[in-house]
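Working notes for the structure below.
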Amino acid sequence: MSTLSAPLEEARENLRVIRQTMERSTKYSTLSGLSGVLIGLTAIIGVAVTRVIIGARQAGIAQAQLIQMATVWAIVLAAAVAIEFLANKRRARQVGKHVVSPLGAHIILAALPGFVAAAVLTAFFVAHGLLFSVWGVWMLSYGLAICAVGLFSVKPVSILGGAFVLAGAVTLLLPPSAQLPMMALTFGGFHIVYGILMARKHGW
C-alpha cells in the first residue's frame, strides 16, 4: 500500500502546483493600492471643481460651463488612466511581472463596453437637458466595467464594481442636489478605501 501511496501523493502535489500556476497566469496581480488612493483624491478634486463651476444649480447650464465641466472630467479621466498605468507598472516591477501583457489587453477589452456606454449615455443626457442626473449613470457604467475586470482579477475588484453598481442605482433615485456629493463618496471615497485595503494585502 505504501509503495502505491507515494506516487499518488506526488501526482496530487504536481496537480496542485499546476493549478496554482494556471490561476496566477489568469489573474491580474500587479494591482497597486497607491493607485486607488490617488485616483480617489483626483476624483474628489474633480467634484470640488465641478461644484465651483455649477454653483448651486440643479438644472440648466450655460454652454461655457458645460465645456468647462467636460474639460475637468476629461482631465480627471486622463489622470486616472495615467495613475493606474504608472502605479501598476511600478508594482509589476516589484513582483517581477509586466504590466503590458495579453491578459492586460483582455482586461481593457472587457472594460471598454462600460466606458463606451458611459460616453453614449452622457451625450444623450446632455442633449435632453438631464446633465445633473448623469452622475448615477457614470457610477453604473463604471461599476459594470470594473465587474468585468474583476473576472480577471482578485475578489476585491469585483466587490468594488458591485459597490459602484449599487451606488449608481441609488444615486439615480436621489434628488439632483444629492447626486454630485455621491460622486465624491463613490469615485473618491470608494477608491480610497479600496486602495488602502489593497495596500494592506498586496502592498503599495
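Just so we're on the same page: first chain in the C-alpha cells is A, next is B, and so on; residues restart at 1 for each chain, and ligands are numbered from 1 in the order they show up.
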
Checklist line | For Gln63 (chain A): contacts at 12 Å, only C-alpha atoms, fewer than 5 positions along chain excluded, given as number ranges by chain | finding: A: 53-54, 68-70, 126-127, 129

Check: Which of these residues is nearest to Ser158 (chain A), using only C-alpha atoms: A:Pro181, A:Gly104, A:Gly143, A:Pro175?
Finding: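 With only C-alpha atoms as the atom set, the closest residue is A:Gly143.
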
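In this structure, CA of Pro156 (chain A) sits 26.9 Å away from CA of Ala178 (chain A).
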
Notebook entry, point to check: Leaving out Ser133 (chain A) and any residue of its chain fewer than 3 positions from it, which residues lie within 7 Å of it when counting only C-alpha atoms, given as a PyMOL selection string?
Noted result: chain A and resi 130+136+172+176

For the residues in the current selection, export N, CA, C and O atoms as a PDB file, in the first residue's frame.
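File produced: result-v9.pdb:
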```
ATOM      1  N   LEU A 130     -30.522  66.707 -19.224  1.00  0.00           N
ATOM      2  CA  LEU A 130     -30.520  65.917 -17.991  1.00  0.00           C
ATOM      3  C   LEU A 130     -29.116  65.757 -17.416  1.00  0.00           C
ATOM      4  O   LEU A 130     -28.812  64.762 -16.759  1.00  0.00           O
ATOM      5  N   GLY A 136     -25.217  59.243 -11.688  1.00  0.00           N
ATOM      6  CA  GLY A 136     -25.573  57.853 -11.402  1.00  0.00           C
ATOM      7  C   GLY A 136     -25.284  56.930 -12.567  1.00  0.00           C
ATOM      8  O   GLY A 136     -24.885  55.773 -12.379  1.00  0.00           O
ATOM      9  N   LEU A 172     -29.418  57.451  -8.837  1.00  0.00           N
ATOM     10  CA  LEU A 172     -30.435  57.831  -9.816  1.00  0.00           C
ATOM     11  C   LEU A 172     -31.797  58.084  -9.166  1.00  0.00           C
ATOM     12  O   LEU A 172     -32.648  58.762  -9.752  1.00  0.00           O
ATOM     13  N   PRO A 176     -31.461  65.766  -7.479  1.00  0.00           N
ATOM     14  CA  PRO A 176     -30.246  66.261  -8.138  1.00  0.00           C
ATOM     15  C   PRO A 176     -29.221  66.861  -7.174  1.00  0.00           C
ATOM     16  O   PRO A 176     -28.015  66.720  -7.385  1.00  0.00           O
TER      17      PRO A 176
END
```

Checklist line | Distance query Ile39 (chain A) at most 8 Å, only C-alpha atoms, self and fewer than 6 positions along chain excluded, as an NGL selection string | finding: :A and (79-80 or 83-84 or 187-188 or 191-192)

Notebook entry, point to check: Got a sec: who's within 9 Å of Ala184 (chain A), counting only C-alpha atoms, leaving out chain neighbours fewer than 4 positions off, as a ChimeraX atom specification?
Noted result: /A:40,43-48,180,188-190

Could you dump the residues just selected with N, CA, C and O atoms as a PDB file, in the first residue's frame?
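Result file out-v6.pdb:
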```pdb
ATOM      1  N   GLY A  40      -8.805  58.233  -6.161  1.00  0.00           N
ATOM      2  CA  GLY A  40      -9.866  58.757  -5.308  1.00  0.00           C
ATOM      3  C   GLY A  40      -9.684  60.236  -5.009  1.00  0.00           C
ATOM      4  O   GLY A  40     -10.637  61.027  -5.082  1.00  0.00           O
ATOM      5  N   ALA A  43     -10.502  62.277  -8.091  1.00  0.00           N
ATOM      6  CA  ALA A  43     -11.953  62.391  -8.295  1.00  0.00           C
ATOM      7  C   ALA A  43     -12.562  63.430  -7.366  1.00  0.00           C
ATOM      8  O   ALA A  43     -13.444  64.204  -7.779  1.00  0.00           O
ATOM      9  N   ILE A  44     -12.109  63.472  -6.124  1.00  0.00           N
ATOM     10  CA  ILE A  44     -12.630  64.458  -5.172  1.00  0.00           C
ATOM     11  C   ILE A  44     -12.298  65.874  -5.642  1.00  0.00           C
ATOM     12  O   ILE A  44     -13.137  66.791  -5.550  1.00  0.00           O
ATOM     13  N   ILE A  45     -11.101  66.060  -6.154  1.00  0.00           N
ATOM     14  CA  ILE A  45     -10.736  67.370  -6.713  1.00  0.00           C
ATOM     15  C   ILE A  45     -11.651  67.720  -7.885  1.00  0.00           C
ATOM     16  O   ILE A  45     -12.121  68.858  -8.019  1.00  0.00           O
ATOM     17  N   GLY A  46     -11.928  66.720  -8.750  1.00  0.00           N
ATOM     18  CA  GLY A  46     -12.826  66.941  -9.877  1.00  0.00           C
ATOM     19  C   GLY A  46     -14.216  67.358  -9.423  1.00  0.00           C
ATOM     20  O   GLY A  46     -14.829  68.260 -10.008  1.00  0.00           O
ATOM     21  N   VAL A  47     -14.719  66.714  -8.373  1.00  0.00           N
ATOM     22  CA  VAL A  47     -16.039  67.065  -7.837  1.00  0.00           C
ATOM     23  C   VAL A  47     -16.025  68.488  -7.284  1.00  0.00           C
ATOM     24  O   VAL A  47     -16.962  69.272  -7.506  1.00  0.00           O
ATOM     25  N   ALA A  48     -14.963  68.847  -6.562  1.00  0.00           N
ATOM     26  CA  ALA A  48     -14.861  70.187  -5.978  1.00  0.00           C
ATOM     27  C   ALA A  48     -14.834  71.257  -7.062  1.00  0.00           C
ATOM     28  O   ALA A  48     -15.515  72.290  -6.955  1.00  0.00           O
ATOM     29  N   LEU A 180     -24.175  64.977  -6.923  1.00  0.00           N
ATOM     30  CA  LEU A 180     -22.755  65.323  -7.004  1.00  0.00           C
ATOM     31  C   LEU A 180     -21.994  64.903  -5.746  1.00  0.00           C
ATOM     32  O   LEU A 180     -20.880  64.371  -5.850  1.00  0.00           O
ATOM     33  N   GLY A 188     -14.503  59.050  -5.184  1.00  0.00           N
ATOM     34  CA  GLY A 188     -13.479  59.460  -4.238  1.00  0.00           C
ATOM     35  C   GLY A 188     -13.306  58.454  -3.110  1.00  0.00           C
ATOM     36  O   GLY A 188     -12.286  57.780  -3.000  1.00  0.00           O
ATOM     37  N   GLY A 189     -14.352  58.345  -2.271  1.00  0.00           N
ATOM     38  CA  GLY A 189     -14.252  57.520  -1.076  1.00  0.00           C
ATOM     39  C   GLY A 189     -14.077  56.043  -1.341  1.00  0.00           C
ATOM     40  O   GLY A 189     -13.227  55.383  -0.718  1.00  0.00           O
ATOM     41  N   PHE A 190     -14.860  55.489  -2.267  1.00  0.00           N
ATOM     42  CA  PHE A 190     -14.733  54.056  -2.566  1.00  0.00           C
ATOM     43  C   PHE A 190     -13.314  53.714  -3.016  1.00  0.00           C
ATOM     44  O   PHE A 190     -12.746  52.693  -2.603  1.00  0.00           O
TER      45      PHE A 190
END
```

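Proximity of A:Ala145, A:Val157, A:Trp73, A:Phe85 to Thr122 (chain A), computed with only C-alpha atoms, is greatest for A:Trp73.
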